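One file, query09.txt, carrying compact mmCIF, C-alpha atoms:
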# COMPACT_ATOMS: atom_id res chain seq x y z
CA MET A 29 250.57 -90.47 29.64
CA ALA A 30 253.02 -91.99 32.10
CA ASN A 31 255.87 -91.35 29.64
CA LEU A 32 254.78 -87.72 29.20
CA LYS A 33 254.68 -87.18 32.94
CA LYS A 34 258.04 -88.88 33.27
CA ASP A 35 259.56 -86.71 30.52
CA ILE A 36 258.29 -83.45 32.07
CA THR A 37 259.50 -84.51 35.52
CA ALA A 38 262.87 -85.49 34.07
CA PHE A 39 263.11 -82.14 32.22
CA SER A 40 262.31 -80.18 35.40
CA SER A 41 264.77 -82.25 37.42
CA LYS A 42 267.48 -81.75 34.81
CA GLY A 43 266.76 -78.01 34.75
CA TYR A 44 267.14 -77.72 38.52
CA VAL A 45 270.25 -79.89 38.52
CA LEU A 46 271.78 -77.79 35.73
CA ALA A 47 270.98 -74.54 37.56
CA SER A 48 272.43 -75.95 40.78
CA VAL A 49 275.60 -77.08 39.01
CA VAL A 50 275.99 -73.68 37.31
CA LEU A 51 275.55 -71.85 40.62
CA LEU A 52 278.04 -74.21 42.26
CA LEU A 53 280.58 -73.62 39.49
CA ILE A 54 280.04 -69.86 39.71
CA THR A 55 280.55 -69.94 43.47
CA LEU A 56 283.67 -72.09 43.17
CA ALA A 57 285.09 -69.90 40.38
CA ASN A 58 284.52 -66.75 42.40
CA PHE A 59 285.92 -68.39 45.50
CA VAL A 60 289.06 -69.32 43.57
CA LEU A 61 289.28 -65.82 42.08
CA ILE A 62 288.84 -64.13 45.47
CA ASN A 63 291.38 -66.50 46.96
CA ILE A 64 293.85 -65.63 44.20
CA VAL A 65 293.25 -61.93 44.77
CA PHE A 66 293.76 -62.40 48.50
CA ILE A 67 296.98 -64.37 47.96
CA ASN A 68 298.25 -61.76 45.51
CA SER A 69 297.42 -58.95 47.92
CA LYS A 70 299.11 -60.77 50.76
CA SER A 71 302.15 -61.47 48.56
CA ILE A 72 302.34 -57.80 47.53
CA THR A 73 302.04 -56.69 51.15
CA ASP A 74 304.68 -59.17 52.30
CA ASN A 75 307.08 -58.19 49.50
CA ASN A 76 306.49 -54.51 50.21
CA MET A 77 307.22 -55.05 53.91
CA LYS A 78 310.39 -56.94 53.03
CA ALA A 79 311.45 -54.22 50.59
CA VAL A 80 310.76 -51.52 53.17
CA ARG A 81 312.76 -53.37 55.83
CA GLN A 82 315.66 -53.91 53.42
CA MET A 83 315.63 -50.31 52.18
CA ASN A 84 315.47 -49.02 55.76
CA THR A 85 318.34 -51.28 56.70
CA ILE A 86 320.40 -50.09 53.71
CA ASN A 87 319.69 -46.41 54.52
CA SER A 88 320.41 -47.01 58.20
CA GLU A 89 323.71 -48.70 57.44
CA LEU A 90 324.52 -46.00 54.90
CA ALA A 91 323.97 -43.41 57.63
CA ASN A 92 326.24 -45.47 59.89
CA VAL A 93 328.92 -45.50 57.18
CA ASN A 94 328.61 -41.72 56.85
CA ARG A 95 328.87 -41.31 60.61
CA ASN A 96 332.02 -43.40 60.82
CA ALA A 97 333.47 -41.60 57.81
CA LEU A 98 332.90 -38.30 59.61
CA MET A 99 334.63 -39.69 62.69
CA ILE A 100 337.65 -40.64 60.57
CA ALA A 101 337.62 -37.28 58.80
CA GLY A 102 337.37 -35.43 62.11
CA ASN A 103 339.90 -37.65 63.82
CA ILE A 104 337.34 -38.61 66.41
CA GLY A 105 337.64 -41.87 68.27
CA ASP A 106 339.48 -44.92 67.08
CA PRO A 107 339.92 -44.79 63.30
CA TYR A 108 340.48 -48.55 63.10
CA ALA A 109 337.17 -49.22 64.84
CA ALA A 110 335.49 -46.80 62.46
CA VAL A 111 336.94 -48.61 59.44
CA SER A 112 335.77 -51.95 60.88
CA ASN A 113 332.29 -50.54 61.38
CA ILE A 114 332.24 -49.24 57.81
CA GLU A 115 333.26 -52.65 56.43
CA ASN A 116 330.60 -54.38 58.54
CA SER A 117 327.93 -51.87 57.38
CA PHE A 118 328.79 -52.51 53.72
CA ARG A 119 328.52 -56.26 54.30
CA ILE A 120 325.05 -55.72 55.76
CA ILE A 121 324.17 -53.41 52.86
CA GLU A 122 325.28 -56.05 50.30
CA ALA A 123 323.24 -58.77 52.03
CA ASN A 124 320.11 -56.59 52.00
CA GLU A 125 320.75 -55.64 48.37
CA ALA A 126 320.86 -59.33 47.44
CA ALA A 127 317.62 -59.96 49.33
CA TYR A 128 315.94 -56.93 47.78
CA GLU A 129 316.87 -58.01 44.26
CA LYS A 130 315.01 -61.32 44.78
CA ILE A 131 311.72 -59.53 45.35
CA LYS A 132 309.29 -59.99 42.41
CA ASN A 133 306.74 -57.69 40.81
CA ARG A 134 308.94 -54.58 40.98
CA SER A 135 308.29 -51.89 38.42
CA ASP A 136 310.83 -51.06 35.72
CA ILE A 137 311.36 -47.52 36.99
CA GLU A 138 311.88 -48.83 40.51
CA ILE A 139 314.49 -51.30 39.29
CA LYS A 140 316.18 -48.59 37.27
CA ARG A 141 316.29 -46.20 40.23
CA TYR A 142 317.58 -48.97 42.50
CA ASN A 143 320.35 -49.92 40.07
CA GLN A 144 321.43 -46.28 39.90
CA SER A 145 321.45 -46.09 43.70
CA LYS A 146 323.47 -49.30 43.87
CA LEU A 147 326.06 -47.96 41.41
CA LEU A 148 326.41 -44.74 43.41
CA LEU A 149 326.75 -46.73 46.62
CA GLU A 150 329.42 -48.93 45.08
CA ALA A 151 331.25 -45.82 43.87
CA TYR A 152 331.00 -44.35 47.36
CA HIS A 153 332.29 -47.61 48.80
CA GLN A 154 335.24 -47.79 46.43
CA LYS A 155 336.07 -44.12 46.94
CA LEU A 156 335.91 -44.46 50.70
CA PHE A 157 338.30 -47.39 50.84
CA ALA A 158 340.56 -45.83 48.25
CA ILE A 159 341.31 -42.83 50.49
CA ARG A 160 340.97 -44.40 53.95
CA ASP A 161 344.73 -45.00 54.29
CA THR A 162 345.56 -41.45 53.17
CA PHE A 163 343.41 -39.99 55.96
CA ARG A 164 346.08 -40.85 58.52
CA SER A 165 348.77 -38.73 56.85
CA ILE A 166 346.50 -35.78 56.10
CA PRO A 167 345.83 -33.05 58.66
CA PRO A 168 342.24 -32.77 59.99
CA GLU A 169 341.56 -29.73 57.78
CA GLY A 170 342.55 -31.72 54.71
CA ARG A 171 340.47 -34.73 55.74
CA ARG A 172 337.40 -32.58 56.13
CA GLU A 173 337.93 -31.03 52.73
CA ILE A 174 338.35 -34.46 51.10
CA TYR A 175 335.22 -35.75 52.83
CA LEU A 176 333.14 -32.76 51.79
CA GLN A 177 334.41 -32.69 48.21
CA GLU A 178 334.71 -36.39 47.37
CA LEU A 179 332.72 -38.53 49.82
CA HIS A 180 329.79 -36.53 51.05
CA PRO A 181 328.24 -35.85 47.59
CA LEU A 182 328.36 -39.57 46.76
CA GLN A 183 326.84 -40.45 50.12
CA ILE A 184 324.09 -37.87 49.82
CA THR A 185 323.26 -38.87 46.24
CA ALA A 186 323.24 -42.58 47.04
CA THR A 187 321.02 -42.00 50.06
CA GLU A 188 318.56 -39.93 48.05
CA MET A 189 318.48 -42.53 45.27
CA PHE A 190 317.76 -45.33 47.72
CA LEU A 191 315.00 -43.27 49.34
CA ALA A 192 313.54 -42.60 45.90
CA ALA A 193 313.70 -46.33 45.07
CA SER A 194 311.95 -47.07 48.35
CA GLU A 195 309.23 -44.55 47.53
CA LEU A 196 308.82 -46.12 44.09
CA ASN A 197 308.49 -49.52 45.74
CA ASP A 198 305.73 -48.17 48.00
CA LYS A 199 303.98 -46.63 45.00
CA ASN A 200 304.27 -49.85 42.96
CA ALA A 201 302.91 -51.83 45.92
CA ASP A 202 300.00 -49.40 46.26
CA ASP A 203 299.28 -49.72 42.52
CA LEU A 204 299.30 -53.52 42.71
CA VAL A 205 297.07 -53.52 45.77
CA HIS A 206 294.71 -51.09 44.05
CA ARG A 207 294.62 -53.30 40.94
CA ASN A 208 293.89 -56.35 43.07
CA SER A 209 291.18 -54.40 44.86
CA ILE A 210 289.60 -53.60 41.49
CA ILE A 211 289.79 -57.28 40.48
CA HIS A 212 288.32 -58.24 43.84
CA GLY A 213 285.48 -55.76 43.40
CA ILE A 214 284.82 -56.94 39.88
CA SER A 215 284.79 -60.58 41.02
CA ILE A 216 282.36 -59.76 43.83
CA ASP A 217 280.11 -57.85 41.41
CA LEU A 218 280.35 -60.68 38.89
CA MET A 219 279.50 -63.25 41.54
CA ILE A 220 276.49 -61.19 42.67
CA PHE A 221 275.38 -60.77 39.06
CA LEU A 222 275.76 -64.44 38.21
CA LEU A 223 274.07 -65.51 41.42
CA ALA A 224 271.21 -63.15 40.60
CA VAL A 225 271.04 -64.62 37.09
CA GLY A 226 271.09 -68.11 38.62
CA GLU A 227 268.27 -67.24 41.01
CA ILE A 228 266.25 -65.79 38.15
CA ALA A 229 266.96 -68.92 36.10
CA ILE A 230 265.80 -71.15 38.95
CA PHE A 231 262.69 -68.99 39.39
CA LEU A 232 261.91 -69.22 35.67
CA LEU A 233 262.55 -72.96 35.69
CA GLY A 234 260.24 -73.33 38.66
CA LYS A 235 257.59 -71.23 36.93
CA ARG A 236 257.98 -73.23 33.75
CA ALA A 237 257.89 -76.49 35.69
CA LYS A 238 254.70 -75.33 37.44
CA LYS A 239 253.16 -74.40 34.09
CA SER A 240 254.25 -77.74 32.62
CA HIS A 241 252.81 -79.53 35.64
CA GLN A 242 249.50 -77.70 35.24
CA GLU A 243 249.51 -78.52 31.53
CA LEU A 244 250.30 -82.12 32.43
CA LEU A 245 247.39 -82.23 34.87
CA ARG A 246 245.09 -80.69 32.25
CA ARG A 247 246.15 -83.17 29.59
CA GLN A 248 246.00 -86.00 32.10
CA HIS A 249 242.44 -85.00 32.98
CA GLU A 250 241.53 -84.81 29.28
CA ILE A 251 243.08 -88.22 28.66
CA GLU A 252 241.36 -89.67 31.72
CA VAL A 253 238.02 -88.29 30.52
CA ALA A 254 238.71 -89.63 27.03
CA GLY A 255 239.78 -92.93 28.58
CA GLU A 256 236.59 -93.13 30.59
CA LYS A 257 234.55 -92.40 27.48
CA LEU A 258 236.52 -94.99 25.57
CA GLN A 259 236.05 -97.52 28.34
CA LEU A 260 232.35 -96.76 28.42
CA SER A 261 232.27 -97.23 24.67
CA LYS A 262 234.17 -100.48 24.98
CA ASP A 263 231.88 -101.65 27.76
CA ARG A 264 228.86 -100.67 25.69
CA MET A 265 230.25 -102.44 22.65
CA THR A 266 230.98 -105.46 24.82
CA ASP A 267 227.49 -105.33 26.22
CA LEU A 268 226.03 -104.98 22.73
CA ALA A 269 228.13 -107.90 21.56
CA ARG A 270 226.87 -109.97 24.49
CA MET A 271 223.27 -108.80 24.49
CA ASN A 272 220.20 -109.47 22.36
CA LEU A 273 218.73 -105.98 22.02
CA LEU A 274 215.37 -107.31 21.03
CA THR A 275 214.72 -109.30 24.22
CA ASN A 276 217.21 -107.41 26.44
CA MET A 277 218.80 -110.75 27.35
CA LYS A 278 222.35 -111.98 27.16
CA ASN A 279 223.17 -113.92 23.99
CA ARG A 280 225.10 -117.06 23.19
CA TYR A 281 228.51 -115.31 23.36
CA ALA A 282 227.79 -114.26 26.95
CA LEU A 283 226.67 -117.80 27.76
CA GLU A 284 229.93 -119.26 26.45
CA ASP A 285 232.04 -116.71 28.34
CA GLU A 286 230.25 -117.26 31.64
CA LEU A 287 229.80 -121.01 31.45
CA SER A 288 233.11 -122.22 29.96
CA SER A 289 235.08 -121.91 33.19
CA ARG A 290 232.49 -124.01 35.09
CA LEU A 291 232.41 -127.09 32.84
CA GLU A 292 235.35 -128.86 34.47
CA THR A 293 234.54 -128.17 38.11
CA ASP A 294 230.83 -127.37 38.66
CA GLN A 295 227.52 -129.14 38.53
CA PHE A 296 224.37 -127.19 37.71
CA ASN A 297 220.94 -127.42 36.09
CA ILE A 298 220.50 -125.93 32.63
CA GLY A 299 217.45 -125.75 30.38
CA VAL A 300 216.93 -124.91 26.71
CA PHE A 301 213.52 -123.92 25.30
CA ASP A 302 212.60 -123.49 21.63
CA ILE A 303 209.27 -122.03 20.36
CA ASP A 304 207.50 -124.55 18.11
CA ASN A 305 206.70 -123.45 14.56
CA PHE A 306 207.95 -119.90 15.11
CA ARG A 307 208.69 -119.61 11.39
CA ASN A 308 204.96 -119.80 10.70
CA ILE A 309 204.39 -116.68 12.81
CA ASN A 310 207.04 -114.76 10.82
CA ASP A 311 205.57 -115.98 7.55
CA LEU A 312 202.03 -115.12 8.59
CA TYR A 313 202.51 -111.79 10.30
CA GLY A 314 205.96 -110.64 9.21
CA TYR A 315 209.34 -110.41 10.86
CA ALA A 316 208.57 -107.14 12.69
CA PHE A 317 205.58 -108.82 14.31
CA GLY A 318 207.73 -111.83 15.19
CA ASP A 319 210.32 -109.53 16.83
CA GLU A 320 207.64 -107.87 18.94
CA TYR A 321 206.35 -111.33 19.93
CA LEU A 322 209.83 -112.45 21.04
CA ALA A 323 210.34 -109.16 22.94
CA ALA A 324 207.08 -109.73 24.83
CA ILE A 325 208.11 -113.29 25.71
CA GLY A 326 211.57 -112.08 26.82
CA GLU A 327 210.05 -109.43 29.09
CA ALA A 328 207.74 -112.03 30.66
CA LEU A 329 210.59 -114.48 31.24
CA ASN A 330 212.76 -111.81 32.83
CA ASN A 331 209.94 -110.75 35.13
CA GLU A 332 209.14 -114.31 36.19
CA PHE A 333 212.46 -116.17 36.41
CA SER A 334 215.39 -113.76 36.68
CA ASP A 335 215.62 -114.48 40.44
CA VAL A 336 216.11 -118.23 39.99
CA ALA A 337 218.22 -118.40 36.84
CA ARG A 338 220.39 -116.48 34.43
CA ILE A 339 218.47 -116.21 31.16
CA TYR A 340 219.99 -116.13 27.68
CA ASN A 341 218.39 -115.61 24.27
CA ILE A 342 220.85 -117.84 22.40
CA THR A 343 219.06 -117.70 19.02
CA GLY A 344 216.01 -115.79 17.78
CA ASN A 345 213.38 -118.09 19.28
CA GLU A 346 215.53 -120.21 21.61
CA PHE A 347 216.12 -119.42 25.28
CA CYS A 348 218.59 -120.92 27.73
CA PHE A 349 218.28 -120.95 31.54
CA VAL A 350 221.21 -121.63 33.85
CA PHE A 351 219.59 -122.23 37.20
CA ASN A 352 221.10 -120.89 40.39
CA ASP A 353 223.13 -123.31 42.50
CA ASP A 354 220.55 -123.18 45.31
CA VAL A 355 217.83 -124.55 43.02
CA PRO A 356 217.59 -128.36 43.51
CA ASP A 357 216.86 -130.79 40.67
CA SER A 358 213.20 -131.32 41.60
CA GLN A 359 212.54 -127.56 41.73
CA ALA A 360 214.40 -127.07 38.44
CA GLN A 361 212.00 -129.58 36.83
CA LYS A 362 209.00 -127.67 38.15
CA ILE A 363 210.43 -124.31 37.06
CA ALA A 364 211.08 -125.76 33.58
CA GLU A 365 207.37 -126.59 33.26
CA LYS A 366 206.47 -123.06 34.39
CA ILE A 367 208.85 -121.65 31.79
CA ARG A 368 207.15 -123.74 29.11
CA THR A 369 203.79 -122.45 30.32
CA VAL A 370 204.89 -118.77 30.31
CA ILE A 371 206.25 -119.04 26.78
CA SER A 372 203.16 -120.89 25.62
CA ASN A 373 200.79 -118.26 26.99
CA PRO A 374 198.89 -116.11 24.47
CA TYR A 375 200.44 -112.67 23.79
CA THR A 376 198.66 -109.75 22.15
CA ILE A 377 200.81 -108.01 19.58
CA LEU A 378 199.37 -105.12 17.57
CA ASN A 379 195.88 -106.17 18.70
CA ILE A 380 196.51 -109.68 17.47
CA SER A 381 196.62 -112.52 19.98
CA VAL A 382 199.16 -115.25 19.20
CA GLN A 383 200.08 -118.41 21.04
CA SER A 384 202.61 -121.15 20.34
CA SER A 385 203.73 -124.30 22.06
CA VAL A 386 207.29 -124.84 23.33
CA SER A 387 209.71 -127.75 23.32
CA GLY A 388 212.50 -127.92 25.87
CA SER A 389 215.21 -129.99 27.50
CA ILE A 390 216.66 -129.81 30.99
CA TYR A 391 220.02 -131.19 31.98
CA HIS A 392 221.67 -131.77 35.33
CA TYR A 393 225.24 -131.13 34.29
CA LEU A 394 228.14 -132.87 36.09
CA PRO A 395 231.83 -131.83 35.89
CA ASN A 396 233.56 -132.81 32.63
CA ASP A 397 230.32 -134.05 31.00
CA CYS A 398 231.14 -131.92 27.94
CA LEU A 399 234.33 -130.48 26.48
CA ASN A 400 232.84 -127.06 25.80
CA VAL A 401 229.64 -125.02 25.78
CA SER A 402 228.98 -125.76 22.10
CA ALA A 403 229.03 -129.49 22.78
CA LEU A 404 226.68 -128.98 25.72
CA LEU A 405 224.21 -126.97 23.60
CA ILE A 406 224.37 -129.49 20.77
CA LYS A 407 223.50 -132.20 23.27
CA MET A 408 220.52 -130.22 24.57
CA ASP A 409 219.37 -129.07 21.11
CA THR A 410 219.39 -132.69 19.98
CA ALA A 411 217.05 -133.50 22.86
CA VAL A 412 214.79 -130.56 21.91
CA HIS A 413 214.62 -131.75 18.28
CA ASN A 414 213.64 -135.19 19.49
CA VAL A 415 210.81 -133.60 21.44
CA LYS A 416 209.68 -131.67 18.35
CA ARG A 417 209.68 -134.84 16.24
CA ASN A 418 207.39 -136.38 18.82
CA GLY A 419 204.86 -133.53 18.60
CA GLY A 420 206.62 -130.93 20.77
CA ASN A 421 205.03 -128.93 23.57
CA SER A 422 206.91 -130.77 26.34
CA VAL A 423 210.19 -130.72 28.30
CA ILE A 424 212.53 -133.69 28.39
CA THR A 425 215.31 -134.46 30.83
CA VAL A 426 218.54 -135.07 28.93
CA ASN A 427 219.93 -137.51 31.47
CA ASN A 428 217.00 -139.85 30.81
CA LEU A 429 217.74 -140.21 27.08

Written form, structure tokens:
Amino acid sequence: MANLKKDITAFSSKGYVLASVVLLLITLANFVLINIVFINSKSITDNNMKAVRQMNTINSELANVNRNALMIAGNIGDPYAAVSNIENSFRIIEANEAAYEKIKNRSDIEIKRYNQSKLLLEAYHQKLFAIRDTFRSIPPEGRREIYLQELHPLQITATEMFLAASELNDKNADDLVHRNSIIHGISIDLMIFLLAVGEIAIFLLGKRAKKSHQELLRRQHEIEVAGEKLQLSKDRMTDLARMNLLTNMKNRYALEDELSSRLETDQFNIGVFDIDNFRNINDLYGYAFGDEYLAAIGEALNNEFSDVARIYNITGNEFCFVFNDDVPDSQAQKIAEKIRTVISNPYTILNISVQSSVSGSIYHYLPNDCLNVSALLIKMDTAVHNVKRNGGNSVITVNNL
């Protein structure tokens, strides 16, 4: 029963531990997934901000180049300063192009549009520096015509391409953010679903554990009841094994069990009484009559002497008395004579009065007088047989032999 209870408790504990571990793993997995989504979203946002800054810088510097080119074409201001500004703007543009090209997660169409813009810008750059020296020898009207026909279209086209690339970058960033948002939503939904499943699992485990506990209690009660019945049966069998059912007295086995532990340490008075010629009663009236006769004697002995001694029916017609410790030797002698008298009294059985004499022996036992109960009884039975050989119907003290 203890093993069953232990197994059910262990099963319930393992179930709860498993559910707790699963929920912990689910929570950790979703935490990692949400963290990844957050990092990706942050990375996309950061890259998009960088790309926007770089594209804005490129477009701003491209506008600055166009402004300085117009100043050269219109012969406004210092042409050398304008050329220096153009060269500085292209250096800034190249630096931002290099930084932009390092940005990851750009779409193919965005890269394609950017590369086209870059080629147009390089063509514009090369064209601008190819004709810058000729501007000085050309009249203002000619400069304007060259600018409008050769430079301005390249500048406009390059600007539009860069703006388109920037728009594509924004769109790609929005798409990535939207995709991460979907993943985030799915992960949240999955976490809620799995947590709900985990809670349901824990609830079912708890319900099952409760049912198992109730079943355990039921089986435990059944086993306890069966155990009590078994113990009662064992006790009854023990009592039957230690009792003479005919006289309702303890038998020789009970005497040995109760007296063995006292032989080495205690002193006490013990008496053995045997009915003389009991066989003649059985032969004359039958064994059933003899049993009734012994039962009547046993009842009388129990009524008279159970308060001064423990009484045993050690054989069919032989009784043993172990006197209480508070009974002195002189009183034990007197009680032994009374016992002989009670047994010798006439008893009416089935309307037939019978009477028989009794032979007995009484012994004041001292520690270690005998090795065991059998030796003690043999010693006392020997004394009883001696009494019988001398006519019976008397009680002898063993110590006086």

**Asked** Hey, can you check how far atom CA of Val386 of chain A sits from atom CA of Asp304 of chain A?
**Response**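 For atom CA of Val386 of chain A relative to atom CA of Asp304 of chain A, the distance reads 5.2 Å.
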
note - atom CA of Tyr393 of chain A and atom CA of Ala337 of chain A are separated by 14.8 Å

* Looking at only C-alpha atoms, which of A:Arg247, A:Arg290, A:Met77, A:Glu320 is the one that sits closest to Thr376 of chain A? ->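 Ranking A:Arg247, A:Arg290, A:Met77, A:Glu320 by distance to Thr376 of chain A, first place goes to A:Glu320.
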
With distances taken over only C-alpha atoms, which of A:Glu138, A:Glu122, A:Glu250, A:Glu346 is nearest to Arg280 of chain A?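 Comparing A:Glu138, A:Glu122, A:Glu250, A:Glu346 against Arg280 of chain A, the winner is A:Glu346.
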
| task | Skip segment 380-384 of chain A itself and residues of its chain fewer than 2 positions away, then list as a list in words all residues within 8 Å of it, counting all atoms listed in the file. | result |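 These residues fall inside the cut-off: Ile303, Asp304, Asn305, Phe306, Ile371, Ser372, Asn373, Pro374, Tyr375, Thr376, Ile377, Leu378 and Val386 of chain A.
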